[in-house]
Each structure stands twice: as C-alpha cells, then as structure tokens.
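Chemist: Below is the file my_file-v6.txt, which contains compact mmCIF, C-alpha atoms.
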```txt
# COMPACT_ATOMS: atom_id res chain seq x y z
CA MET D 1 80.67 94.49 86.05
CA LEU D 2 77.46 95.35 87.91
CA VAL D 3 75.38 92.84 85.98
CA ALA D 4 78.09 90.17 86.13
CA VAL D 5 78.44 90.43 89.92
CA VAL D 6 74.68 90.48 90.55
CA ALA D 7 74.14 87.51 88.22
CA ARG D 8 76.91 85.59 89.94
CA ASP D 9 75.58 86.30 93.43
CA LEU D 10 72.07 85.21 92.42
CA ARG D 11 73.46 82.06 90.87
CA LEU D 12 75.48 81.31 94.01
CA ALA D 13 72.35 81.80 96.10
CA ALA D 14 70.44 79.42 93.82
CA ARG D 15 73.14 76.81 94.49
CA ARG D 16 72.68 77.27 98.23
CA ARG D 17 68.93 77.59 98.54
CA ILE D 18 68.72 76.78 102.23
CA ASP D 19 71.18 79.55 103.12
CA ALA D 20 69.46 81.95 100.76
CA LEU D 21 66.05 81.29 102.29
CA LEU D 22 67.26 81.79 105.86
CA PRO D 23 66.33 85.50 106.13
CA LEU D 24 62.84 84.84 104.82
CA ALA D 25 62.45 81.89 107.21
CA PHE D 26 63.62 84.08 110.09
CA PHE D 27 61.16 86.79 109.10
CA THR D 28 58.32 84.27 108.84
CA ILE D 29 59.03 82.73 112.23
CA GLY D 30 59.62 86.06 113.96
CA VAL D 31 56.44 87.65 112.66
CA SER D 32 54.34 84.52 113.27
CA LEU D 33 55.46 84.22 116.88
CA PHE D 34 54.21 87.65 117.88
CA PRO D 35 50.46 86.83 117.82
CA PHE D 36 51.18 83.93 120.19
CA GLY D 37 53.03 86.20 122.56
CA ILE D 38 50.59 89.08 122.44
CA GLY D 39 47.34 87.16 122.40
CA PRO D 40 44.43 87.02 119.98
CA GLU D 41 43.24 90.57 120.63
CA THR D 42 42.56 91.78 117.06
CA GLN D 43 42.76 95.45 117.93
CA THR D 44 46.16 95.08 119.61
CA LEU D 45 47.55 92.94 116.79
CA ARG D 46 46.46 95.46 114.21
CA GLN D 47 48.16 98.18 116.22
CA VAL D 48 51.52 96.46 116.60
CA ALA D 49 51.58 94.90 113.10
CA PRO D 50 53.60 97.61 111.31
CA GLY D 51 56.23 97.71 114.04
CA VAL D 52 56.52 93.94 114.27
CA ILE D 53 56.87 93.51 110.53
CA TRP D 54 59.37 96.35 110.22
CA VAL D 55 61.59 95.21 113.08
CA ASN D 56 61.62 91.63 111.85
CA ALA D 57 62.42 92.77 108.32
CA LEU D 58 65.39 94.71 109.68
CA LEU D 59 66.68 91.81 111.76
CA ALA D 60 66.20 89.38 108.86
CA ALA D 61 68.16 91.69 106.56
CA MET D 62 70.97 92.00 109.13
CA LEU D 63 71.12 88.21 109.47
CA SER D 64 72.69 87.67 106.07
CA VAL D 65 74.54 90.93 105.57
CA SER D 66 77.62 90.07 107.62
CA GLN D 67 78.57 87.45 105.04
CA LEU D 68 78.16 89.85 102.12
CA PHE D 69 81.87 90.34 101.46
CA ALA D 70 83.39 87.72 103.79
CA GLY D 71 83.22 84.84 101.32
CA ASP D 72 84.65 86.87 98.46
CA HIS D 73 87.36 88.18 100.74
CA ALA D 74 88.37 84.70 101.88
CA ASP D 75 88.67 83.09 98.45
CA GLY D 76 90.34 86.00 96.67
CA SER D 77 87.34 86.99 94.55
CA LEU D 78 87.19 90.41 96.19
CA ASP D 79 90.80 91.10 95.22
CA GLN D 80 90.05 90.11 91.65
CA MET D 81 86.97 92.34 91.54
CA LEU D 82 88.93 95.29 92.91
CA ALA D 83 91.90 94.59 90.64
CA SER D 84 89.72 94.39 87.55
CA GLY D 85 89.92 98.13 87.03
CA HIS D 86 86.17 98.57 87.44
CA SER D 87 84.97 101.14 89.91
CA PRO D 88 84.77 99.74 93.44
CA VAL D 89 81.63 101.87 93.84
CA ALA D 90 79.97 99.77 91.14
CA LEU D 91 81.02 96.69 93.06
CA ALA D 92 79.48 98.09 96.26
CA VAL D 93 76.23 98.87 94.42
CA ALA D 94 76.18 95.41 92.83
CA LYS D 95 76.68 93.61 96.13
CA ALA D 96 74.01 95.69 97.88
CA LEU D 97 71.62 95.18 94.97
CA ALA D 98 72.20 91.41 95.04
CA HIS D 99 71.61 91.43 98.80
CA TRP D 100 68.37 93.33 98.37
CA LEU D 101 67.15 91.01 95.62
CA LEU D 102 67.86 88.03 97.87
CA THR D 103 66.48 89.35 101.16
CA GLY D 104 64.65 92.68 100.81
CA ALA D 105 62.56 91.78 97.77
CA PRO D 106 61.25 88.45 99.17
CA LEU D 107 60.38 90.17 102.44
CA VAL D 108 58.40 92.83 100.61
CA LEU D 109 56.59 90.16 98.61
CA ALA D 110 55.78 88.14 101.74
CA THR D 111 54.50 91.16 103.67
CA PRO D 112 50.86 91.12 102.42
CA VAL D 113 50.47 87.56 103.71
CA PHE D 114 51.67 88.55 107.16
CA ALA D 115 49.55 91.68 107.11
CA LEU D 116 46.60 89.30 106.72
CA LEU D 117 47.80 87.40 109.78
CA PHE D 118 47.57 90.61 111.82
CA ASP D 119 44.22 91.62 110.28
CA VAL D 120 45.64 94.78 108.73
CA ASP D 121 43.28 96.44 106.26
CA GLY D 122 44.01 96.86 102.55
CA ALA D 123 45.13 100.50 102.51
CA SER D 124 47.54 99.97 105.40
CA THR D 125 48.92 96.81 103.78
CA LEU D 126 49.59 98.76 100.62
CA MET D 127 51.36 101.45 102.64
CA LEU D 128 53.34 98.77 104.47
CA VAL D 129 54.52 97.31 101.15
CA ILE D 130 55.40 100.73 99.75
CA THR D 131 57.41 101.75 102.81
CA LEU D 132 59.23 98.41 102.94
CA LEU D 133 59.98 98.77 99.26
CA MET D 134 61.68 102.07 100.08
CA GLY D 135 63.18 100.99 103.39
CA THR D 136 64.71 97.60 102.65
CA PRO D 137 67.15 98.98 100.04
CA VAL D 138 68.40 101.41 102.70
CA MET D 139 69.03 98.45 105.01
CA SER D 140 70.92 96.57 102.28
CA LEU D 141 73.03 99.61 101.42
CA LEU D 142 73.86 100.35 105.07
CA GLY D 143 74.40 96.66 105.70
CA ALA D 144 76.90 96.50 102.85
CA LEU D 145 78.70 99.48 104.37
CA GLY D 146 78.84 97.76 107.74
CA ALA D 147 80.02 94.51 106.19
CA ALA D 148 82.80 96.34 104.36
CA LEU D 149 83.84 98.28 107.48
CA THR D 150 84.06 95.11 109.58
CA LEU D 151 85.60 92.95 106.86
CA GLY D 152 88.40 90.80 108.20
CA LEU D 153 87.74 91.67 111.84
CA ARG D 154 87.26 88.94 114.38
CA SER D 155 83.95 89.88 115.98
CA ALA D 156 82.64 91.32 112.73
CA GLY D 157 79.05 90.17 113.30
CA VAL D 158 78.61 91.96 116.63
CA LEU D 159 80.37 95.12 115.47
CA LEU D 160 78.26 95.22 112.36
CA ILE D 161 75.03 95.14 114.36
CA ILE D 162 76.30 97.85 116.71
CA ILE D 163 77.30 100.09 113.81
CA ILE D 164 74.35 99.55 111.51
CA LEU D 165 71.27 99.10 113.69
CA PRO D 166 71.29 102.67 115.06
CA LEU D 167 71.57 103.98 111.51
CA CYS D 168 68.47 101.99 110.56
CA VAL D 169 66.33 103.46 113.34
CA PRO D 170 65.13 106.48 111.29
CA VAL D 171 63.98 104.11 108.55
CA ILE D 172 61.84 102.20 111.03
CA ILE D 173 60.43 105.37 112.57
CA PHE D 174 59.32 106.86 109.27
CA GLY D 175 58.27 103.50 107.83
CA VAL D 176 56.03 102.67 110.77
CA GLY D 177 54.90 106.30 110.96
CA ALA D 178 53.67 106.21 107.38
CA VAL D 179 51.67 103.03 107.98
CA GLN D 180 50.14 104.34 111.20
CA ALA D 181 49.19 107.57 109.45
CA ALA D 182 47.51 105.55 106.70
CA GLU D 183 45.70 103.48 109.32
CA ALA D 184 44.42 106.62 110.99
CA GLY D 185 43.28 107.95 107.63
CA LEU D 186 45.81 110.78 107.66
CA GLY D 187 48.16 111.66 104.84
CA ALA D 188 51.43 109.76 104.90
CA ASP D 189 53.19 112.10 102.47
CA GLY D 190 55.51 113.58 105.08
CA HIS D 191 56.76 110.22 106.26
CA LEU D 192 57.11 108.97 102.70
CA SER D 193 59.11 112.04 101.67
CA LEU D 194 61.51 111.56 104.56
CA LEU D 195 61.81 107.86 103.77
CA GLY D 196 62.52 108.75 100.15
CA ALA D 197 65.12 111.28 101.24
CA LEU D 198 66.79 108.60 103.39
CA LEU D 199 66.81 106.23 100.45
CA ILE D 200 68.35 108.80 98.10
CA ALA D 201 70.96 109.90 100.63
CA THR D 202 71.98 106.30 101.37
CA ALA D 203 71.99 105.33 97.70
CA VAL D 204 74.34 108.21 96.93
CA GLY D 205 76.54 108.07 100.00
CA ALA D 206 76.74 104.46 101.17
CA PRO D 207 78.31 102.86 98.05
CA VAL D 208 81.11 105.44 98.02
CA ALA D 209 81.83 104.79 101.69
CA THR D 210 81.57 101.02 101.12
CA ALA D 211 84.07 101.23 98.27
CA ALA D 212 86.52 103.15 100.45
CA ALA D 213 86.11 100.62 103.27
CA LEU D 214 86.72 97.73 100.86
CA ARG D 215 89.90 99.39 99.63
CA ILE D 216 91.14 99.72 103.20
CA ALA D 217 90.17 96.16 104.11
CA THR D 218 92.04 94.62 101.18
CA GLU D 219 95.05 96.92 101.31
CA MET Q 1 119.88 82.55 86.06
CA SER Q 2 120.62 84.44 82.93
CA GLU Q 3 121.22 88.11 82.42
CA PHE Q 4 118.66 89.40 80.00
CA PRO Q 5 120.23 91.54 77.31
CA GLN Q 6 119.28 95.06 76.36
CA THR Q 7 116.31 95.67 78.54
CA ALA Q 8 116.73 99.36 78.04
CA VAL Q 9 116.29 99.45 74.28
CA ARG Q 10 113.06 97.52 74.27
CA PRO Q 11 109.85 99.38 75.13
CA LEU Q 12 109.23 99.44 78.84
CA VAL Q 13 106.13 97.78 80.19
CA LEU Q 14 106.68 98.70 83.78
CA SER Q 15 109.24 100.67 85.71
CA VAL Q 16 109.40 101.08 89.43
CA HIS Q 17 111.31 103.86 91.09
CA ARG Q 18 112.38 103.96 94.73
CA LEU Q 19 109.38 101.93 95.79
CA ALA Q 20 108.83 101.28 99.49
CA CYS Q 21 106.18 99.16 101.11
CA ARG Q 22 105.03 98.99 104.71
CA ARG Q 23 102.77 96.62 106.53
CA GLY Q 24 101.65 98.50 109.60
CA GLU Q 25 104.81 99.60 111.38
CA ARG Q 26 106.98 97.08 109.60
CA LEU Q 27 109.04 98.15 106.62
CA LEU Q 28 109.05 95.36 104.05
CA PHE Q 29 111.35 96.89 101.48
CA GLU Q 30 112.44 100.29 100.33
CA GLY Q 31 114.40 101.89 97.54
CA LEU Q 32 113.28 99.27 95.07
CA ASP Q 33 114.17 100.10 91.47
CA PHE Q 34 113.53 97.86 88.54
CA ALA Q 35 112.10 97.84 85.06
CA LEU Q 36 110.36 95.29 82.90
CA GLY Q 37 110.60 95.49 79.11
CA GLU Q 38 108.54 93.67 76.52
CA GLY Q 39 109.33 89.99 76.56
CA ASP Q 40 110.89 90.08 80.03
CA VAL Q 41 110.27 87.29 82.49
CA VAL Q 42 111.36 88.15 86.00
CA TRP Q 43 111.42 85.78 88.95
CA LEU Q 44 110.73 87.77 92.08
CA ARG Q 45 112.66 86.31 95.00
CA GLY Q 46 112.97 87.02 98.66
CA ARG Q 47 112.60 85.28 101.97
CA ASN Q 48 109.15 84.51 103.38
CA GLY Q 49 107.49 87.65 104.64
CA ARG Q 50 109.86 89.88 102.68
CA GLY Q 51 107.00 91.44 100.72
CA LYS Q 52 106.80 89.59 97.41
CA THR Q 53 103.02 89.38 97.53
CA SER Q 54 102.80 92.95 98.82
CA LEU Q 55 104.81 94.16 95.84
CA LEU Q 56 102.53 92.32 93.43
CA ARG Q 57 99.50 93.83 95.16
CA VAL Q 58 100.93 97.31 94.81
CA LEU Q 59 101.51 96.73 91.10
CA ALA Q 60 97.98 95.33 90.75
CA ALA Q 61 96.60 98.58 92.23
CA LEU Q 62 95.23 96.77 95.25
CA SER Q 63 97.27 98.72 97.76
CA PRO Q 64 99.09 102.02 97.44
CA PRO Q 65 102.88 102.10 97.82
CA SER Q 66 104.08 103.94 100.90
CA GLU Q 67 106.77 105.62 98.82
CA GLY Q 68 108.03 105.71 95.31
CA GLU Q 69 106.55 105.62 91.87
CA VAL Q 70 105.22 102.99 89.49
CA ARG Q 71 105.18 103.75 85.79
CA PHE Q 72 103.36 101.69 83.22
CA ALA Q 73 104.54 101.78 79.62
CA GLY Q 74 106.90 104.61 80.49
CA GLU Q 75 104.10 106.90 81.48
CA SER Q 76 103.25 107.91 84.96
CA LEU Q 77 100.00 106.06 84.71
CA SER Q 78 98.43 105.16 88.00
CA ALA Q 79 98.35 101.44 88.63
CA ALA Q 80 94.56 101.60 88.74
CA ARG Q 81 94.38 103.06 85.24
CA ALA Q 82 96.89 100.59 83.86
CA VAL Q 83 94.74 97.80 85.20
CA ALA Q 84 91.61 99.44 83.81
CA GLY Q 85 93.19 99.43 80.37
CA ALA Q 86 93.38 95.63 80.67
CA GLY Q 87 97.13 96.08 80.70
CA THR Q 88 97.71 93.98 83.79
CA LEU Q 89 96.64 90.48 84.73
CA PHE Q 90 97.03 89.67 88.42
CA LEU Q 91 96.82 86.08 89.56
CA ALA Q 92 96.91 85.92 93.33
CA HIS Q 93 97.84 83.03 95.55
CA ALA Q 94 94.14 82.49 96.21
CA ASN Q 95 92.37 81.10 93.18
CA ALA Q 96 89.29 83.36 93.41
CA LEU Q 97 87.05 80.51 92.29
CA LYS Q 98 83.66 80.15 93.92
CA ASP Q 99 83.13 76.69 95.42
CA ASP Q 100 79.53 76.44 94.29
CA LEU Q 101 80.10 77.36 90.66
CA SER Q 102 81.28 74.92 88.03
CA ALA Q 103 84.85 75.29 86.78
CA ALA Q 104 83.63 76.82 83.50
CA GLU Q 105 81.26 79.26 85.27
CA ALA Q 106 83.92 80.38 87.74
CA LEU Q 107 86.39 81.00 84.92
CA ALA Q 108 83.78 82.75 82.79
CA PHE Q 109 82.98 85.15 85.65
CA LEU Q 110 86.64 86.09 86.08
CA ALA Q 111 87.04 86.47 82.32
CA ARG Q 112 84.00 88.72 82.10
CA LEU Q 113 85.17 90.78 85.04
CA HIS Q 114 88.50 91.43 83.36
CA GLY Q 115 87.16 92.00 79.87
CA GLN Q 116 88.51 88.76 78.48
CA ASP Q 117 86.60 86.50 76.10
CA ASP Q 118 83.95 84.73 78.16
CA ASP Q 119 81.99 82.87 75.49
CA ALA Q 120 81.57 79.15 76.00
CA GLU Q 121 83.98 78.21 73.24
CA SER Q 122 86.85 80.37 74.50
CA ILE Q 123 86.35 79.09 78.03
CA GLU Q 124 86.33 75.51 76.81
CA GLN Q 125 89.51 76.03 74.81
CA ALA Q 126 91.29 77.67 77.73
CA LEU Q 127 90.32 74.82 80.04
CA ARG Q 128 91.42 72.32 77.40
CA ARG Q 129 94.79 74.06 77.18
CA LEU Q 130 95.23 73.64 80.93
CA GLY Q 131 94.08 70.02 80.80
CA VAL Q 132 91.01 70.45 83.03
CA HIS Q 133 88.53 70.42 80.18
CA GLY Q 134 87.06 67.10 81.37
CA ARG Q 135 86.05 68.69 84.68
CA ARG Q 136 84.51 71.85 83.27
CA ASN Q 137 81.02 71.11 84.57
CA ALA Q 138 82.17 69.88 87.97
CA ALA Q 139 81.66 72.16 90.95
CA VAL Q 140 84.90 73.86 92.00
CA ARG Q 141 84.29 72.36 95.45
CA THR Q 142 84.91 68.87 94.04
CA LEU Q 143 88.18 69.74 92.26
CA SER Q 144 91.60 68.97 93.69
CA GLN Q 145 93.96 71.81 94.60
CA GLY Q 146 95.97 71.27 91.44
CA GLN Q 147 92.86 71.29 89.28
CA ARG Q 148 91.65 74.50 90.90
CA ARG Q 149 95.00 76.11 90.22
CA ARG Q 150 94.74 75.03 86.61
CA VAL Q 151 91.26 76.55 86.27
CA ALA Q 152 92.55 79.82 87.74
CA LEU Q 153 95.57 79.74 85.41
CA ALA Q 154 93.28 79.19 82.43
CA ARG Q 155 92.79 82.97 82.47
CA LEU Q 156 96.29 83.21 81.02
CA ALA Q 157 95.11 81.21 78.01
CA LEU Q 158 92.14 83.51 77.36
CA ALA Q 159 92.46 86.39 74.95
CA PRO Q 160 93.25 89.18 75.42
CA ALA Q 161 95.95 88.55 78.01
CA LYS Q 162 98.52 91.04 76.81
CA GLY Q 163 100.67 93.36 78.82
CA LEU Q 164 101.95 92.61 82.26
CA TRP Q 165 101.30 89.37 84.11
CA LEU Q 166 101.68 89.44 87.88
CA LEU Q 167 101.66 85.82 89.01
CA ASP Q 168 101.85 84.88 92.68
CA GLU Q 169 103.13 81.30 92.94
CA PRO Q 170 101.66 80.13 89.62
CA TYR Q 171 103.29 76.70 89.95
CA ASP Q 172 101.72 76.12 93.35
CA ALA Q 173 100.00 72.70 93.62
CA LEU Q 174 100.74 71.87 89.99
CA ASP Q 175 102.24 68.58 88.84
CA VAL Q 176 105.12 68.36 86.35
CA GLU Q 177 102.77 68.37 83.39
CA GLY Q 178 100.92 71.39 84.77
CA CYS Q 179 104.18 73.29 85.28
CA ALA Q 180 105.13 72.55 81.65
CA ILE Q 181 101.79 73.98 80.46
CA VAL Q 182 102.40 77.17 82.44
CA ASP Q 183 105.94 77.38 81.04
CA GLY Q 184 104.45 77.11 77.55
CA LEU Q 185 102.04 79.98 78.29
CA LEU Q 186 104.89 82.10 79.64
CA HIS Q 187 106.93 81.40 76.49
CA GLU Q 188 104.08 82.48 74.24
CA HIS Q 189 103.43 85.58 76.30
CA ALA Q 190 107.08 86.63 76.26
CA GLN Q 191 107.29 86.06 72.50
CA GLN Q 192 104.24 88.24 71.96
CA GLY Q 193 105.93 91.07 73.80
CA GLY Q 194 104.30 90.59 77.17
CA ALA Q 195 106.10 90.89 80.47
CA VAL Q 196 105.88 88.58 83.45
CA LEU Q 197 106.68 89.14 87.10
CA LEU Q 198 106.25 85.93 89.06
CA THR Q 199 107.05 84.45 92.42
CA SER Q 200 107.85 80.82 93.00
CA HIS Q 201 109.21 79.12 96.08
CA LEU Q 202 110.65 76.36 93.89
CA PRO Q 203 113.39 77.06 91.33
CA LEU Q 204 112.01 77.66 87.86
CA SER Q 205 112.37 74.66 85.58
CA GLU Q 206 114.50 74.40 82.46
CA GLY Q 207 111.36 74.71 80.40
CA ALA Q 208 110.62 78.22 81.58
CA PRO Q 209 111.50 81.09 79.27
CA ARG Q 210 114.82 82.87 79.93
CA TRP Q 211 114.34 84.81 83.11
CA ARG Q 212 116.00 87.36 85.29
CA GLU Q 213 115.93 87.39 89.05
CA LEU Q 214 114.76 90.25 91.17
CA VAL Q 215 115.71 89.86 94.80
CA LEU Q 216 113.77 91.96 97.25
CA PRO Q 217 116.32 93.84 99.36
CA GLU Q 218 116.47 93.43 103.11
CA PRO Q 219 115.15 96.62 104.67
CA VAL Q 220 117.88 98.83 106.04
CA SER Q 221 117.60 101.64 108.51
CA ARG Q 222 115.73 104.60 107.10
CA ARG Q 223 118.68 106.88 107.64
CA ASN Q 224 120.96 104.70 105.56
CA ALA Q 225 121.37 106.65 102.35
CA ALA Q 226 122.84 103.79 100.34
CA ALA Q 227 119.75 101.66 100.00
CA PRO Q 228 120.50 98.49 98.07
CA ARG Q 229 119.19 98.36 94.56
CA GLY Q 230 116.83 95.57 93.75
CA LEU Q 231 117.84 94.11 90.45
CA SER Q 232 120.48 91.41 90.53
```
Could you show the structure in this file as structure tokens?

Modeler:
Amino acid sequence: MLVAVVARDLRLAARRRIDALLPLAFFTIGVSLFPFGIGPETQTLRQVAPGVIWVNALLAAMLSVSQLFAGDHADGSLDQMLASGHSPVALAVAKALAHWLLTGAPLVLATPVFALLFDVDGASTLMLVITLLMGTPVMSLLGALGAALTLGLRSAGVLLIIIILPLCVPVIIFGVGAVQAAEAGLGADGHLSLLGALLIATAVGAPVATAAALRIATE
Amino acid sequence: MSEFPQTAVRPLVLSVHRLACRRGERLLFEGLDFALGEGDVVWLRGRNGRGKTSLLRVLAALSPPSEGEVRFAGESLSAARAVAGAGTLFLAHANALKDDLSAAEALAFLARLHGQDDDAESIEQALRRLGVHGRRNAAVRTLSQGQRRRVALARLALAPAKGLWLLDEPYDALDVEGCAIVDGLLHEHAQQGGAVLLTSHLPLSEGAPRWRELVLPEPVSRRNAAAPRGLS
C-alpha cells in the first residue's frame, strides 16, 4: 500500500513536471529576491540567510500541500484507498512521504547552492542542510494533516495556512537557532535535539490524526 | 423482477439488521433489514437522494452506520475487516482513475491496492474482456466516459474478485455492448457463489442474472414502531 501510493504519486508528478517543480521554483525565486531587497552587504546577507531559506522552504512546502488529497478526493481514488482495507494511517504516511520527496527533498538538495548565494560558510551550510532535512518532513506531515482537515471545504487553502503555519513556527525557531549557533561556533546540540523531538512527535502523531480527519472527510 | 428462492438455506454473505443512515440532520433510511446469500444479485432501488450510495458506502466501511448492525458471512465482522479480507469489492460512481496515468497503469494501481492480480498480463486480459484493450496505453484523460467506466469495471474481471460486489451505477455511460459485458461478469460471479448489490437508474436488462429488488424504505417518524422492512 505505502509503496504503491508513493510510486503512483511520484509517477503522477513526473507526468506533470511543471506543477511538480512549482515549489522549487517558488523557493528559488523567493530566496533569490532577498539579496536584491536587502542590498549587497555581505555581513547582513550572511546573517539573514538561515531565516530567509527556512521561511521560503516553509512557504514553498505549503504551496503544494493543499492539493495533497483534493485530487484523490475529487476522482474517487481516496475512497478506493480507504475502502481497500489497508490502514488509513499508512495512507497518511504514504501521502506525506510522497509530498516530502517531491518538495522537501529537492529544497534540501538546492539549499547549498543558495547558501553560496548568501556567502554562508561551509559549517553553517552543513548545519542548514541537516536542520532542513529534519524540518521539512515535519512540514510535510503537518501539511498533510492540514490538507486532510480542510478536505472538501470551500476556502481550504486559507484555512490550511491558518491552521498549519503556527504549528510550523517551532520548527523554524529551532532550525534557524541551530544554524546561528553553528555560525557563532557554539554547539547546536540543544536545537538539534528539540528539532529531532519535534520530528519524532509529528511522525508519530500527525499520521494518526490525518487518518482520522480523512475518515471524517469521506464519511 | 423475480423472487429468488431459498436465500436462507444458502450461506449468507452479508446480512444487515435494523440499519439506519443519517446525513447530517436528515434521516435517509432506518430499520433496514436484508440478507444476501451466495449467488444473490440484488438491485438496490430508491428515489434520488434516498440513500442508495450511502448504504453502499456503509457496507464498504467508508462510513459508519448511525444505527444497526452489518454482518459479513454470518459473523459480526466489522465492515472494515471484511473489506480487509478482500471479501468486498466496492465500485463507486466515480471511476477513481487518475487522468495522467494510462488506462493500464490506473487499473494496475487499483488492483494492487486491493490485492488483486496486477501483473501486465492479467491487466491486459481484464481490459480485453471489457473491450478497452486497444486503449490500454492511452492516458485516462483522453478516454471517453464509457471507456473510463469500462476500465474501472475491469477490476471485476481481475482475480480474485470473490465475495461481495457493491456496484454503484455500473451500467452508467456504457453502451449496449458494454452492458452485456457487465451482465456476463455478474453471471459468472453469481455462479461462483459471489453476491452482488448494485444500483442502476435504468431497469436491468434481460441479460442480467436473475435478481431481486431491494427498495429503500421512505423514512418514517422515529417514534413509529412499525418501520417498513426493506426487502420486497
């Protein structure tokens, strides 16, 4: 079930490459615009880089998440997946995993390039990649929860942002905190532990809640 | 309409006891009692909005009944577990085919999801049976409504498709030839001891296997003790 759904979602994305690349394009444009707005001051750019990259990663991830279940809901696929007898929790995990592979993973891979743009040093870039690697799955899992909660509602997109963005704030705080600590030459262990705890808590809790929300939405 | 003989002596596939279904505040039906034995084909009837689809969704474990009990194979199995045992095949009004996949890919995904044979040969044979074999590599987006319905119905031709079939408007968008293919599948299924509960807004054709009718009762006031029984 899990593999089948992930493979199908990746295949569907491959058939619609422009749509699939939209989050990455948004991330690229958003991050690239900041140096123009802030000015060429290297010191300032280096200082704001972690925040800029993190916030844009979050917004890029939110861009595509509202459609996570909408298409499957509209064409009856969601009903079939829920009626297949497989655990709806597995379905929630599969959809979040597919979303992360399509948005989170490319963002993480693109981050070193943008770190270069902001003149971030090697150690901080590494920390940025590590924290994004831990933080983007949280965004996908929470995003899936929001998408399931707002499934079938009229202003689903707006509601989703209102519900999910506040929940993502801790991820940004600890993610940026870890990078800034690395920049300052301090240990980032504390921030990383908290980020890891957030990831574990979301990974355990969010799919169960998503599954329950999907059940209610299709009832 | 023909009265099916001796339902009681054949093994039960499904029995429903005093089932009620609500949509929000609205009561769709209540006090519904019926049973399906092996080889039974039942045409579920009722006016638009009476709850035919809702009943099928309850039986497919997609929504819980507001009252009453559903038993599979005589045991008080939950609908979810009956489905998990590949004992139920639910074909909704929506085809559940992804526009961007090819007909064969879309069918293979559904087959895999439901634990049916999803190898290329089985898929090809099922599509051939439904007469859409020539379009197997075409994107679902480019298929006509009737062709899409046929691809969705091809799941019925994939093994294993035993047990209970819940079909919501299976003849929808099909031409005469397509309806005859579905009738043939229903015949085979009934002969193999399967049971079918289907809705259709058009009368079933002569080619369909012998069927019974189940008319969804009009909801009566909740205080009315003599709720009408469902089976005609």

Chemist: Neighbours of Arg45 in chain Q within 12 Å (only C-alpha atoms; same-chain residues fewer than 3 positions away dropped), as a VMD selection string?

Modeler: chain Q and resid 42 48 to 53 55 to 56 168 to 169 197 to 204 212 to 218 230 to 232

Chemist: May I have the residues within 7 Å of range 102-108 of chain Q as a ChimeraX atom specification, using all atoms listed in the file and disregarding those fewer than 4 positions away in the same chain?

Modeler: /Q:97-98,112,118,123,136-140,151-152

Chemist: Residues of chain D within 12 Å of chain Q, counting only C-alpha atoms, what are they? List them as a VMD selection string.

Modeler: chain D and resid 1 to 17 71 to 88 91 212 214 to 219

Chemist: Mind giving me the straight-line distance from CA of Val48 in chain D to CA of Phe174 in chain D in Å, one decimal?

Modeler: 14.9 Å

Chemist: Residues at most 8 Å from range 123-140 of chain D, counting all atoms listed in the file, excluding those fewer than 4 positions away in the same chain, as a ChimeraX atom specification?

Modeler: /D:50,54,57-58,61-62,65,96-97,99-100,104-105,108-109,111-112,115,144,168,171-172,175-176,178-180,182-183,192,195-196,198-199,202-203

Chemist: Which neighbours of Arg150 in chain Q fall inside 7 Å, counting only C-alpha atoms, when residues of the same chain fewer than 3 positions from it are skipped, and could you give them as a ChimeraX atom specification?

Modeler: /Q:130,132,146-147,153-154

Chemist: For Val31 in chain D, list every protein, DNA or RNA residue within 12 Å, evaluated using only C-alpha atoms, and leave out those in the same chain fewer than 2 positions away; present the list as a ChimeraX atom specification.

Modeler: /D:24-29,33-38,45,48-60,107,110-111,113-118

Chemist: When you draw a straight line from CA of Ile181 in chain Q to CA of Leu36 in chain Q, how long is it in Å?

Modeler: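 Interatomic distance, CA of Ile181 in chain Q to CA of Leu36 in chain Q: 23.1 Å.
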
Chemist: Here is a test: counting all atoms listed in the file, which residue of D:Leu142, D:Leu194, D:Leu101, D:Leu160 is nearest to Leu21 in chain D?

Modeler: D:Leu101

Chemist: For a cut-off of 12 Å around (101.0, 69.2, 85.8), file coordinates, pick out all residues using only C-alpha atoms and list them as a ChimeraX atom specification.

Modeler: /Q:129-132,145-150,153,170-184

Chemist: Work out how far CA of Ala213 in chain D is from CA of Arg154 in chain D, in Å to one decimal.

Modeler: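 Rounded to one decimal, the two atoms are 16.2 Å apart.
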
Chemist: Padding 5 Å on every side, please: axis-aligned box over the listed atoms of range 86-101 of chain Q, centre and edge lengths to one decimal in Å, as JSON.

Modeler:
```
{"center_x": 88.7, "center_y": 86.3, "center_z": 88.4, "size_x": 28.3, "size_y": 29.6, "size_z": 25.5}
```
